[in-house]
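The next block is start31.txt, given as compact mmCIF, C-alpha atoms.
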```txt
# COMPACT_ATOMS: atom_id res chain seq x y z
CA MET D 1 -24.64 -6.44 3.17
CA LYS D 2 -22.05 -3.68 3.18
CA PHE D 3 -20.12 -3.37 -0.06
CA GLU D 4 -16.81 -3.82 1.78
CA GLN D 5 -18.06 -7.22 3.00
CA VAL D 6 -18.28 -8.64 -0.54
CA THR D 7 -15.58 -11.23 -1.30
CA ARG D 8 -13.38 -10.40 -4.29
CA SER D 9 -10.53 -12.15 -6.04
CA THR D 10 -7.35 -10.48 -7.28
CA PRO D 11 -7.18 -9.41 -10.97
CA GLY D 12 -8.65 -11.72 -13.59
CA GLN D 13 -5.15 -12.25 -15.01
CA TYR D 14 -1.84 -11.72 -13.21
CA ILE D 15 1.37 -12.04 -15.25
CA SER D 16 4.69 -11.56 -13.45
CA GLN D 17 7.94 -12.11 -15.32
CA VAL D 18 10.82 -10.38 -17.04
CA GLY D 19 9.44 -8.76 -20.19
CA ALA D 20 5.77 -9.04 -19.20
CA LEU D 21 4.94 -5.85 -21.12
CA ARG D 22 5.18 -7.78 -24.36
CA TYR D 23 1.75 -9.22 -23.52
CA LEU D 24 -0.02 -5.84 -23.41
CA LYS D 25 -0.74 -5.82 -27.15
CA ASP D 26 -2.48 -9.19 -26.86
CA LYS D 27 -4.49 -8.13 -23.79
CA LEU D 28 -5.86 -5.13 -25.67
CA LEU D 29 -7.37 -7.27 -28.44
CA GLY D 30 -11.12 -6.82 -28.44
CA PHE D 31 -11.02 -3.33 -26.96
CA GLN D 32 -11.85 -0.40 -29.23
CA LYS D 33 -11.22 2.70 -27.12
CA PRO D 34 -8.26 2.31 -24.73
CA TYR D 35 -6.96 5.26 -22.73
CA MET D 36 -3.79 5.45 -20.64
CA ILE D 37 -3.64 7.20 -17.27
CA THR D 38 -0.12 7.81 -16.03
CA GLY D 39 2.48 10.26 -14.74
CA GLU D 40 5.56 11.64 -16.48
CA LYS D 41 8.17 9.39 -14.85
CA SER D 42 5.93 6.33 -14.97
CA TYR D 43 5.21 6.79 -18.66
CA HIS D 44 8.91 7.26 -19.42
CA ALA D 45 9.71 3.96 -17.66
CA PHE D 46 6.90 2.24 -19.58
CA LEU D 47 8.24 3.46 -22.92
CA GLU D 48 11.75 2.30 -22.05
CA TYR D 49 10.70 -1.30 -21.37
CA CYS D 50 7.66 -1.77 -23.62
CA PRO D 51 8.62 -3.43 -26.92
CA ASP D 52 5.53 -2.29 -28.85
CA ASP D 53 4.34 1.09 -30.11
CA PHE D 54 1.15 2.37 -28.46
CA SER D 55 1.42 5.98 -29.62
CA HIS D 56 -2.11 5.76 -31.06
CA ILE D 57 -3.59 5.42 -27.55
CA PRO D 58 -4.53 8.71 -25.81
CA VAL D 59 -2.38 9.43 -22.76
CA LEU D 60 -3.90 11.31 -19.82
CA ARG D 61 -1.84 12.66 -16.91
CA TYR D 62 -3.10 12.41 -13.36
CA ASP D 63 -2.49 15.31 -10.96
CA HIS D 64 -0.71 13.31 -8.20
CA THR D 65 -3.62 13.51 -5.74
CA SER D 66 -5.75 10.35 -6.13
CA SER D 67 -8.74 12.57 -5.51
CA HIS D 68 -12.39 12.42 -6.53
CA GLU D 69 -11.88 15.75 -8.28
CA ASP D 70 -9.09 14.42 -10.50
CA ALA D 71 -11.05 11.26 -11.26
CA ASP D 72 -13.97 13.43 -12.40
CA ARG D 73 -11.66 15.47 -14.63
CA LEU D 74 -10.10 12.39 -16.24
CA SER D 75 -13.47 10.70 -16.68
CA ASN D 76 -14.68 13.69 -18.65
CA LEU D 77 -11.64 13.36 -20.91
CA SER D 78 -12.21 9.64 -21.57
CA LYS D 79 -15.99 9.29 -21.80
CA ASP D 80 -15.83 6.78 -24.67
CA ALA D 81 -13.22 4.49 -23.08
CA ASP D 82 -13.88 0.74 -22.92
CA VAL D 83 -10.61 0.04 -21.08
CA ILE D 84 -8.32 2.18 -18.93
CA ILE D 85 -4.62 1.29 -18.78
CA ALA D 86 -3.07 2.46 -15.51
CA ILE D 87 0.70 2.95 -15.79
CA GLY D 88 2.36 3.98 -12.57
CA GLY D 89 2.35 3.63 -8.81
CA GLY D 90 -0.33 3.45 -6.14
CA LYS D 91 -1.93 6.85 -6.73
CA VAL D 92 -2.02 6.35 -10.50
CA CYS D 93 -3.63 2.93 -10.02
CA ASP D 94 -6.14 4.26 -7.48
CA THR D 95 -6.99 7.20 -9.75
CA ALA D 96 -7.51 4.81 -12.68
CA LYS D 97 -9.78 2.63 -10.52
CA LEU D 98 -11.94 5.64 -9.73
CA VAL D 99 -12.09 6.57 -13.42
CA ALA D 100 -12.94 3.03 -14.59
CA GLU D 101 -15.64 2.88 -11.91
CA ARG D 102 -17.22 6.08 -13.21
CA LEU D 103 -17.05 4.89 -16.82
CA ASP D 104 -18.04 1.28 -16.03
CA CYS D 105 -15.20 -0.04 -18.17
CA GLU D 106 -12.37 -2.56 -17.86
CA LEU D 107 -9.01 -1.84 -16.29
CA ILE D 108 -5.48 -3.04 -17.06
CA MET D 109 -2.80 -2.37 -14.45
CA VAL D 110 0.87 -1.81 -15.34
CA PRO D 111 2.69 -1.02 -12.08
CA THR D 112 5.97 0.84 -12.54
CA VAL D 113 6.93 0.98 -8.85
CA LEU D 114 6.55 -1.42 -5.94
CA GLY D 115 4.83 0.84 -3.42
CA THR D 116 1.51 -0.87 -2.54
CA CYS D 117 -0.99 -3.56 -3.57
CA ALA D 118 -3.05 -0.90 -5.38
CA PRO D 119 -2.74 -2.70 -8.78
CA THR D 120 -4.50 -5.81 -7.45
CA SER D 121 -6.93 -4.67 -4.75
CA ALA D 122 -10.49 -3.31 -4.63
CA VAL D 123 -9.48 -0.61 -2.17
CA VAL D 124 -8.92 3.01 -3.22
CA ALA D 125 -7.16 5.46 -0.90
CA VAL D 126 -8.79 8.81 -1.68
CA TYR D 127 -7.21 12.16 -0.81
CA TYR D 128 -8.33 15.76 -0.93
CA PRO D 129 -6.69 17.91 -3.63
CA ASN D 130 -4.27 19.20 -0.95
CA LYS D 131 -3.09 15.56 -0.44
CA VAL D 132 -4.61 15.14 3.02
CA PHE D 133 -6.28 11.74 3.41
CA LYS D 134 -10.05 11.79 2.82
CA GLN D 135 -11.54 8.27 2.84
CA ILE D 136 -11.42 4.69 1.57
CA ASP D 137 -13.51 3.75 -1.47
CA TYR D 138 -14.17 0.29 -2.94
CA ILE D 139 -14.52 -0.56 -6.63
CA LYS D 140 -17.18 -2.93 -7.94
CA ARG D 141 -15.10 -4.51 -10.71
CA MET D 142 -11.62 -5.96 -10.24
CA PRO D 143 -8.93 -5.22 -12.85
CA PHE D 144 -9.11 -7.30 -16.01
CA CYS D 145 -5.35 -7.84 -16.01
CA CYS D 146 -2.18 -6.87 -14.13
CA LEU D 147 1.12 -6.97 -16.05
CA VAL D 148 4.14 -7.06 -13.73
CA ASP D 149 7.35 -6.56 -15.69
CA LEU D 150 10.19 -7.57 -13.38
CA GLU D 151 12.88 -5.99 -15.57
CA LEU D 152 11.14 -2.62 -15.37
CA LEU D 153 10.56 -2.95 -11.64
CA VAL D 154 14.10 -3.99 -10.73
CA HIS D 155 15.17 -0.65 -12.20
CA SER D 156 12.48 1.35 -10.37
CA PRO D 157 13.21 3.72 -7.44
CA LYS D 158 14.26 1.82 -4.33
CA GLU D 159 12.23 3.97 -1.93
CA TYR D 160 9.04 2.61 -3.46
CA PHE D 161 10.25 -0.98 -3.06
CA ILE D 162 10.94 -0.33 0.60
CA GLY D 163 7.52 1.28 0.92
CA GLY D 164 5.86 -1.74 -0.65
CA ILE D 165 7.61 -4.15 1.69
CA CYS D 166 6.58 -2.03 4.69
CA ASP D 167 2.96 -1.72 3.57
CA THR D 168 2.67 -5.47 2.95
CA LEU D 169 4.32 -6.50 6.21
CA VAL D 170 1.53 -4.73 8.05
CA LYS D 171 -1.17 -6.95 6.47
CA TRP D 172 -0.88 -9.83 8.92
CA TYR D 173 -0.69 -7.69 12.03
CA GLU D 174 -3.70 -5.55 11.15
CA ALA D 175 -5.78 -8.57 10.09
CA GLU D 176 -4.88 -10.49 13.25
CA SER D 177 -5.66 -7.47 15.42
CA ILE D 178 -9.17 -7.34 13.94
CA THR D 179 -10.00 -11.04 14.04
CA ARG D 180 -8.75 -11.63 17.58
CA HIS D 181 -11.93 -9.88 18.75
CA VAL D 182 -14.23 -12.22 16.81
CA GLN D 183 -15.91 -15.00 18.80
CA GLY D 184 -16.40 -18.43 17.23
CA TYR D 185 -15.16 -19.68 13.88
CA LEU D 186 -14.42 -17.36 10.99
CA GLU D 187 -15.95 -17.83 7.55
CA ALA D 188 -13.92 -19.95 5.12
CA ASN D 189 -13.08 -17.02 2.84
CA VAL D 190 -11.88 -15.02 5.83
CA GLU D 191 -9.66 -17.92 6.88
CA LEU D 192 -8.19 -17.97 3.36
CA GLY D 193 -7.49 -14.24 3.49
CA LEU D 194 -5.80 -14.58 6.88
CA ALA D 195 -3.69 -17.46 5.57
CA ALA D 196 -2.55 -15.18 2.73
CA ALA D 197 -1.68 -12.51 5.30
CA LYS D 198 0.44 -14.98 7.24
CA VAL D 199 2.24 -15.93 4.02
CA THR D 200 3.10 -12.27 3.41
CA GLN D 201 4.59 -11.95 6.88
CA ARG D 202 6.64 -15.14 6.57
CA ILE D 203 8.05 -14.31 3.13
CA LEU D 204 8.90 -10.70 3.97
CA LEU D 205 10.64 -11.42 7.27
CA ARG D 206 12.63 -14.19 5.56
CA ASP D 207 13.45 -12.82 2.11
CA THR D 208 13.57 -9.02 2.41
CA PRO D 209 17.34 -8.58 3.03
CA LYS D 210 18.28 -10.80 0.06
CA ALA D 211 15.66 -9.23 -2.22
CA LEU D 212 16.89 -5.72 -1.38
CA LYS D 213 20.46 -6.77 -2.18
CA ASP D 214 19.38 -8.28 -5.49
CA PHE D 215 17.45 -5.11 -6.25
CA ASP D 216 20.61 -3.05 -5.69
CA ASP D 217 22.37 -5.37 -8.18
CA PHE D 218 19.52 -5.00 -10.74
CA ASN D 219 18.99 -8.75 -10.45
CA ALA D 220 15.41 -9.90 -11.04
CA SER D 221 16.08 -13.01 -8.96
CA GLU D 222 13.69 -15.58 -7.54
CA ASP D 223 13.88 -13.82 -4.16
CA PHE D 224 13.05 -10.50 -5.81
CA LYS D 225 10.12 -11.99 -7.74
CA ARG D 226 8.81 -13.64 -4.58
CA ILE D 227 8.75 -10.29 -2.77
CA VAL D 228 7.19 -8.53 -5.79
CA ASP D 229 4.38 -11.09 -6.04
CA THR D 230 3.86 -10.87 -2.28
CA ILE D 231 3.52 -7.06 -2.44
CA PHE D 232 1.08 -7.20 -5.34
CA ASN D 233 -0.93 -10.39 -5.65
CA ILE D 234 -0.72 -12.19 -2.30
CA SER D 235 -1.27 -8.93 -0.48
CA GLY D 236 -4.28 -8.12 -2.64
CA ALA D 237 -5.79 -11.49 -1.76
CA VAL D 238 -5.75 -10.65 1.96
CA GLY D 239 -8.43 -7.97 1.79
CA GLY D 240 -10.11 -9.59 -1.20
CA PHE D 241 -11.00 -12.76 0.68
CA ALA D 242 -10.95 -11.67 4.32
CA CYS D 243 -12.86 -8.49 3.37
CA GLU D 244 -13.26 -6.13 6.33
CA TYR D 245 -11.41 -8.60 8.57
CA GLY D 246 -8.30 -8.39 6.37
CA ARG D 247 -8.03 -4.71 5.75
CA ILE D 248 -6.92 -1.75 7.82
CA SER D 249 -6.83 -1.05 11.54
CA GLY D 250 -4.40 0.82 13.80
CA ALA D 251 -1.35 1.14 11.57
CA HIS D 252 -3.27 2.79 8.74
CA ALA D 253 -5.05 5.07 11.20
CA VAL D 254 -1.64 6.41 12.25
CA HIS D 255 -0.63 6.79 8.60
CA ASN D 256 -3.78 8.77 7.89
CA ALA D 257 -3.13 10.97 10.90
CA LEU D 258 0.44 11.65 9.78
CA SER D 259 -0.90 13.10 6.53
CA LEU D 260 -1.79 16.15 8.64
CA PHE D 261 1.90 17.06 8.59
CA GLU D 262 3.19 18.26 5.23
CA GLU D 263 6.70 16.99 5.96
CA THR D 264 5.42 13.40 5.86
CA HIS D 265 4.02 13.76 2.33
CA ARG D 266 7.52 12.99 1.04
CA ILE D 267 7.59 9.66 2.89
CA GLN D 268 6.29 6.56 1.14
CA HIS D 269 2.80 5.42 2.15
CA GLY D 270 3.99 2.00 3.30
CA VAL D 271 6.85 3.38 5.37
CA LYS D 272 4.41 5.53 7.35
CA VAL D 273 2.03 2.59 7.72
CA SER D 274 4.75 0.34 9.12
CA TYR D 275 5.75 3.03 11.62
CA GLY D 276 2.07 3.10 12.56
CA LEU D 277 2.26 -0.66 13.05
CA LEU D 278 4.85 -0.23 15.79
CA ILE D 279 2.54 2.25 17.56
CA GLN D 280 -0.39 -0.15 17.12
CA LEU D 281 1.59 -3.02 18.65
CA CYS D 282 2.66 -0.80 21.55
CA ALA D 283 -0.97 0.15 22.15
CA MET D 284 -1.80 -3.57 22.16
CA LYS D 285 1.05 -4.23 24.64
CA GLU D 286 2.69 -6.66 22.18
CA TRP D 287 6.14 -5.85 23.48
CA HIS D 288 7.88 -9.02 22.31
CA GLU D 289 6.83 -8.42 18.70
CA VAL D 290 7.82 -4.75 18.84
CA LYS D 291 11.29 -5.72 20.10
CA ARG D 292 11.55 -8.27 17.29
CA LEU D 293 10.53 -5.83 14.57
CA ILE D 294 12.57 -2.76 15.53
CA PRO D 295 15.94 -4.40 14.63
CA PHE D 296 14.41 -5.71 11.37
CA PHE D 297 13.25 -2.17 10.57
CA ALA D 298 16.68 -0.75 11.40
CA GLN D 299 18.49 -3.40 9.32
CA ASN D 300 16.40 -2.59 6.25
CA LYS D 301 16.32 1.19 6.82
CA PHE D 302 12.61 1.50 7.65
CA ILE D 303 11.32 4.27 9.92
CA TYR D 304 10.97 3.20 13.55
CA ALA D 305 11.37 6.45 15.57
CA TRP D 306 9.49 9.76 15.63
CA LYS D 307 12.56 11.85 14.79
CA GLN D 308 12.91 10.00 11.48
CA LEU D 309 9.60 11.51 10.32
CA ASN D 310 11.27 14.97 10.32
CA ILE D 311 8.12 16.71 11.55
CA GLU D 312 9.02 20.30 12.41
CA GLU D 313 6.28 20.87 14.98
CA PRO D 314 7.35 20.06 18.55
CA MET D 315 6.80 16.38 19.30
CA GLU D 316 4.43 16.95 22.22
CA SER D 317 1.83 18.92 20.27
CA ALA D 318 2.32 16.93 17.05
CA VAL D 319 1.82 13.58 18.77
CA LYS D 320 -1.32 14.94 20.40
CA LYS D 321 -2.74 15.96 17.00
CA MET D 322 -1.80 12.61 15.49
CA ALA D 323 -3.41 10.70 18.36
CA GLN D 324 -6.65 12.71 18.20
CA PHE D 325 -6.99 11.96 14.50
CA ALA D 326 -6.07 8.26 14.76
CA ALA D 327 -8.40 7.65 17.72
CA SER D 328 -11.39 9.37 16.14
CA HIS D 329 -14.54 7.40 15.36
CA LYS D 330 -14.08 7.85 11.63
CA GLU D 331 -10.71 6.09 11.84
CA THR D 332 -9.90 2.37 12.22
CA PHE D 333 -7.59 2.16 15.23
CA ARG D 334 -10.55 1.00 17.32
CA LEU D 335 -10.71 -2.20 15.22
CA ALA D 336 -7.37 -3.21 16.74
CA VAL D 337 -7.95 -1.72 20.20
CA PRO D 338 -11.65 -1.26 21.02
CA ASN D 339 -12.41 1.93 22.94
CA ILE D 340 -9.02 3.39 22.03
CA LYS D 341 -8.48 6.90 23.39
CA ASP D 342 -6.14 9.73 22.41
CA GLU D 343 -4.13 9.17 25.56
CA ASP D 344 -3.59 5.49 24.69
CA ILE D 345 -2.00 6.37 21.35
CA ILE D 346 0.10 9.10 22.95
CA GLU D 347 1.30 6.62 25.57
CA ALA D 348 2.07 4.03 22.87
CA THR D 349 4.08 6.55 20.84
CA TYR D 350 6.28 7.45 23.79
CA ALA D 351 6.58 3.79 24.79
CA LEU D 352 7.98 3.09 21.33
CA GLU D 353 10.50 5.91 21.74
CA LYS D 354 11.59 4.43 25.05
CA LEU D 355 12.09 0.97 23.53
CA VAL D 356 14.09 2.43 20.64
CA ASN D 357 16.35 4.29 23.09
CA GLU D 358 16.89 1.12 25.13
CA LEU D 359 17.80 -0.91 22.03
CA GLU D 360 20.17 1.81 20.83
CA LYS D 361 21.94 1.83 24.20
CA CYS D 362 22.35 -1.94 24.00
CA SER D 363 23.69 -1.60 20.43
CA GLU D 364 20.91 -3.88 19.14
CA ILE D 365 19.98 -1.38 16.40
```

Do you think you could lay out the structure here as structure tokens?
Amino acid sequence: MKFEQVTRSTPGQYISQVGALRYLKDKLLGFQKPYMITGEKSYHAFLEYCPDDFSHIPVLRYDHTSSHEDADRLSNLSKDADVIIAIGGGKVCDTAKLVAERLDCELIMVPTVLGTCAPTSAVVAVYYPNKVFKQIDYIKRMPFCCLVDLELLVHSPKEYFIGGICDTLVKWYEAESITRHVQGYLEANVELGLAAAKVTQRILLRDTPKALKDFDDFNASEDFKRIVDTIFNISGAVGGFACEYGRISGAHAVHNALSLFEETHRIQHGVKVSYGLLIQLCAMKEWHEVKRLIPFFAQNKFIYAWKQLNIEEPMESAVKKMAQFAASHKETFRLAVPNIKDEDIIEATYALEKLVNELEKCSEI
């Protein structure tokens, strides 16, 4: 059995509420050698909202790459750790997962932004030191605990929240695009993962506008909490239970291809993935769904057109490069569209542009 086919749950403990950081002291009981892995801004946010003093715990800074090289460096600095505390966003969490895997120790997640389901999933997005996407890794041991402090998160940068919504919205569409090619009944755990994916889609399409408004008002409301828990825990359950049927396909292949262009490194992971979703749906000829999603993207200020990526290279040659990468055998677009070719992705990209232009002329976006 492939390791990515092993069913996993979400973290052993998931605590989501205002002031959740007050439980960190209790969760560390029994551990002798904790280490923190974090970034400068993430650690500052943690200190602002954490009521207890943890100055005795060594603090290690990641290098912003989520690379094997940085994980090796940090592992060498924390050889005696029995628990790693990840404080930060997706790349901090993924780096900490790689470190804990190398040290065979426990992991506590403290997300400080709302960018991805990295705090709750077994998946690690690995990059080269130059920040170009490298590969997907899987960890053997799920996090011991995830502490989601809503007061901290409602004061976090909005662009990460938008990125997290975008990344999570893609879950259902990628999972459905994979399983539609399966003949016969799916395994029970896969069915559960797909049900979780459908829940993410329903909640996000319904509650996103209100949650974004509450976020702007620094209001950790029920709508905000529902979106937060969808981004983190429900989303993590999709791939955990559906395994390879609930993970990535066309949208993430486009995201990975866009990492070729340095201008896109400033754009949140999830925002690029959701743009990739529109290309995936165009390649699948799901025109009704594309027309439904474009206005939703426009309303909530998500990226839905090539020009919004701000890639300096002329569109013709850049799209060709993107398509070649996304259609390659090492990528996952073929899971959504078997036998996908470069030309199919190029055609889908321009078809999306045409739809956007038509909707703009009709004043629908």

Between D:Val273, D:Ala96, D:Val126, D:Ala118, smallest distance to D:Asp167 by only C-alpha atoms belongs to D:Val273

Nearest to D:Val182: which of D:Ala196, D:Val356, D:Ala336, D:Leu21 is it, counting all atoms listed in the file?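 Checking each candidate against D:Val182, we get D:Ala336 as the closest.
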
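Taking all atoms listed in the file into account, D:Ala257 lies nearest to D:Phe333 out of the set D:Tyr23, D:Phe333, D:Phe296, D:Phe215.
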
Top pick for closest residue to D:Gly240, considering D:Glu358, D:Asp104, D:Glu191, D:Glu313 and counting only C-alpha atoms: D:Glu191

Skipping near chain neighbours, those fewer than 2 positions away, what residues fall within 8 Å of D:Leu278 using only C-alpha atoms, listed as number ranges by chain? D: 251, 274-276, 280-282, 290, 304, 352

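Remark: for D:Tyr173, the closest of the candidate residues D:Glu286, D:Glu312, D:Asp229, D:Glu69 is D:Glu286 (distances computed over only C-alpha atoms).
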
Interatomic distance, atom CA of D:Thr332 to atom CA of D:Ser121 (Å, one decimal):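 Distance reported for this atom pair: 18.6 Å.
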
My list of candidates is D:Glu343, D:Asp52, D:Glu4, D:Glu159. Which is closest to D:Lys301 when distances are computed with all atoms listed in the file?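 Smallest separation from D:Lys301 among the options: D:Glu159.
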
Can you find the residues with an atom no farther than 12 Å from (15.2, 1.5, -6.9), counting all atoms listed in the file, and report them as a VMD selection string? chain D and resid 112 to 115 151 to 164 211 to 219

Taking 5 positions as the minimum chain separation for residues in the same chain, which residues sit within 10 Å of D:Cys50 when counting all atoms listed in the file? Answer as a ChimeraX atom specification. /D:19-25,45,149,152

Contacts of D:Ile85 at 10 Å or less, counting all atoms listed in the file, minus same-chain residues fewer than 3 places along, as a PyMOL selection string? chain D and resi 24+28+34-38+57+59+88+93+96-97+100+106-110+143+145-146

Calculate how many Å separate atom CA of D:Leu194 from atom CA of D:Val238, rounding to one decimal.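 Taking atom CA of D:Leu194 as the start and atom CA of D:Val238 as the end point, the length is 6.3 Å.
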
Residues within 9 Å of D:Arg102, only C-alpha atoms, excluding chain neighbours under 3 positions, as number ranges by chain: D: 71-72, 75, 97-99, 105

Atom CA of D:Ile136 and atom CA of D:Gly193, how far apart in Å?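 Interatomic distance here is 19.4 Å.
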
For a cutoff of 10 Å around the file-coordinate point (15.3, -2.8, 22.4), which residues qualify once you count all atoms listed in the file? I'd like the result as a PyMOL selection string. chain D and resi 287-288+290-295+352-365

Name all residues at most 12 Å from D:Trp172 (count all atoms listed in the file; drop same-chain ones fewer than 5 positions away) and give them as an MDAnalysis selection string. chainID D and resid 166:167 177:180 193:205 234:235 237:239 242 245:249 251 274 277

Requested file, stretch 164-184 of chain D restricted to N, CA, C and O atoms, as a PDB file, in the first residue's frame:
```pdb
ATOM      1  N   GLY D 164      -6.995  31.220   2.570  1.00  0.00           N
ATOM      2  CA  GLY D 164      -7.514  30.003   3.181  1.00  0.00           C
ATOM      3  C   GLY D 164      -8.886  29.625   2.664  1.00  0.00           C
ATOM      4  O   GLY D 164      -9.181  28.441   2.433  1.00  0.00           O
ATOM      5  N   ILE D 165      -9.739  30.619   2.465  1.00  0.00           N
ATOM      6  CA  ILE D 165     -11.062  30.352   1.898  1.00  0.00           C
ATOM      7  C   ILE D 165     -10.917  29.784   0.489  1.00  0.00           C
ATOM      8  O   ILE D 165     -11.566  28.788   0.129  1.00  0.00           O
ATOM      9  N   CYS D 166     -10.059  30.399  -0.304  1.00  0.00           N
ATOM     10  CA  CYS D 166      -9.849  29.948  -1.685  1.00  0.00           C
ATOM     11  C   CYS D 166      -9.323  28.516  -1.726  1.00  0.00           C
ATOM     12  O   CYS D 166      -9.820  27.668  -2.485  1.00  0.00           O
ATOM     13  N   ASP D 167      -8.313  28.240  -0.910  1.00  0.00           N
ATOM     14  CA  ASP D 167      -7.701  26.912  -0.893  1.00  0.00           C
ATOM     15  C   ASP D 167      -8.715  25.843  -0.490  1.00  0.00           C
ATOM     16  O   ASP D 167      -8.756  24.748  -1.061  1.00  0.00           O
ATOM     17  N   THR D 168      -9.566  26.168   0.474  1.00  0.00           N
ATOM     18  CA  THR D 168     -10.532  25.200   0.986  1.00  0.00           C
ATOM     19  C   THR D 168     -11.686  24.995   0.006  1.00  0.00           C
ATOM     20  O   THR D 168     -12.199  23.873  -0.128  1.00  0.00           O
ATOM     21  N   LEU D 169     -12.101  26.041  -0.662  1.00  0.00           N
ATOM     22  CA  LEU D 169     -13.184  25.916  -1.634  1.00  0.00           C
ATOM     23  C   LEU D 169     -12.854  24.896  -2.715  1.00  0.00           C
ATOM     24  O   LEU D 169     -13.731  24.202  -3.231  1.00  0.00           O
ATOM     25  N   VAL D 170     -11.580  24.794  -3.029  1.00  0.00           N
ATOM     26  CA  VAL D 170     -11.140  23.889  -4.098  1.00  0.00           C
ATOM     27  C   VAL D 170     -11.318  22.411  -3.718  1.00  0.00           C
ATOM     28  O   VAL D 170     -11.427  21.545  -4.588  1.00  0.00           O
ATOM     29  N   LYS D 171     -11.361  22.110  -2.418  1.00  0.00           N
ATOM     30  CA  LYS D 171     -11.360  20.722  -1.946  1.00  0.00           C
ATOM     31  C   LYS D 171     -12.417  19.868  -2.640  1.00  0.00           C
ATOM     32  O   LYS D 171     -12.119  18.775  -3.123  1.00  0.00           O
ATOM     33  N   TRP D 172     -13.658  20.337  -2.638  1.00  0.00           N
ATOM     34  CA  TRP D 172     -14.735  19.537  -3.218  1.00  0.00           C
ATOM     35  C   TRP D 172     -14.517  19.295  -4.704  1.00  0.00           C
ATOM     36  O   TRP D 172     -14.657  18.176  -5.204  1.00  0.00           O
ATOM     37  N   TYR D 173     -14.153  20.339  -5.416  1.00  0.00           N
ATOM     38  CA  TYR D 173     -14.042  20.233  -6.870  1.00  0.00           C
ATOM     39  C   TYR D 173     -12.905  19.294  -7.283  1.00  0.00           C
ATOM     40  O   TYR D 173     -13.054  18.507  -8.228  1.00  0.00           O
ATOM     41  N   GLU D 174     -11.771  19.367  -6.578  1.00  0.00           N
ATOM     42  CA  GLU D 174     -10.676  18.465  -6.917  1.00  0.00           C
ATOM     43  C   GLU D 174     -11.026  17.023  -6.549  1.00  0.00           C
ATOM     44  O   GLU D 174     -10.747  16.089  -7.309  1.00  0.00           O
ATOM     45  N   ALA D 175     -11.638  16.830  -5.377  1.00  0.00           N
ATOM     46  CA  ALA D 175     -12.005  15.472  -4.959  1.00  0.00           C
ATOM     47  C   ALA D 175     -13.035  14.864  -5.917  1.00  0.00           C
ATOM     48  O   ALA D 175     -12.911  13.700  -6.327  1.00  0.00           O
ATOM     49  N   GLU D 176     -14.028  15.654  -6.283  1.00  0.00           N
ATOM     50  CA  GLU D 176     -15.063  15.152  -7.198  1.00  0.00           C
ATOM     51  C   GLU D 176     -14.478  14.840  -8.567  1.00  0.00           C
ATOM     52  O   GLU D 176     -14.861  13.859  -9.217  1.00  0.00           O
ATOM     53  N   SER D 177     -13.513  15.656  -8.999  1.00  0.00           N
ATOM     54  CA  SER D 177     -12.916  15.427 -10.319  1.00  0.00           C
ATOM     55  C   SER D 177     -12.113  14.135 -10.356  1.00  0.00           C
ATOM     56  O   SER D 177     -11.979  13.506 -11.413  1.00  0.00           O
ATOM     57  N   ILE D 178     -11.593  13.721  -9.214  1.00  0.00           N
ATOM     58  CA  ILE D 178     -10.842  12.467  -9.130  1.00  0.00           C
ATOM     59  C   ILE D 178     -11.787  11.271  -9.074  1.00  0.00           C
ATOM     60  O   ILE D 178     -11.638  10.293  -9.812  1.00  0.00           O
ATOM     61  N   THR D 179     -12.792  11.362  -8.205  1.00  0.00           N
ATOM     62  CA  THR D 179     -13.653  10.198  -7.956  1.00  0.00           C
ATOM     63  C   THR D 179     -14.654   9.953  -9.077  1.00  0.00           C
ATOM     64  O   THR D 179     -15.189   8.847  -9.177  1.00  0.00           O
ATOM     65  N   ARG D 180     -14.903  10.930  -9.915  1.00  0.00           N
ATOM     66  CA  ARG D 180     -15.856  10.698 -11.015  1.00  0.00           C
ATOM     67  C   ARG D 180     -15.329   9.652 -11.999  1.00  0.00           C
ATOM     68  O   ARG D 180     -16.105   9.109 -12.793  1.00  0.00           O
ATOM     69  N   HIS D 181     -14.030   9.377 -11.948  1.00  0.00           N
ATOM     70  CA  HIS D 181     -13.441   8.390 -12.853  1.00  0.00           C
ATOM     71  C   HIS D 181     -13.387   6.979 -12.237  1.00  0.00           C
ATOM     72  O   HIS D 181     -12.920   6.050 -12.889  1.00  0.00           O
ATOM     73  N   VAL D 182     -13.844   6.867 -10.995  1.00  0.00           N
ATOM     74  CA  VAL D 182     -13.804   5.572 -10.308  1.00  0.00           C
ATOM     75  C   VAL D 182     -15.080   4.790 -10.608  1.00  0.00           C
ATOM     76  O   VAL D 182     -16.188   5.325 -10.471  1.00  0.00           O
ATOM     77  N   GLN D 183     -14.951   3.546 -10.991  1.00  0.00           N
ATOM     78  CA  GLN D 183     -16.107   2.698 -11.262  1.00  0.00           C
ATOM     79  C   GLN D 183     -16.492   1.938  -9.997  1.00  0.00           C
ATOM     80  O   GLN D 183     -15.637   1.504  -9.240  1.00  0.00           O
ATOM     81  N   GLY D 184     -17.796   1.768  -9.786  1.00  0.00           N
ATOM     82  CA  GLY D 184     -18.278   1.047  -8.618  1.00  0.00           C
ATOM     83  C   GLY D 184     -18.337   1.924  -7.387  1.00  0.00           C
ATOM     84  O   GLY D 184     -18.148   3.141  -7.445  1.00  0.00           O
TER      85      GLY D 184
END
```
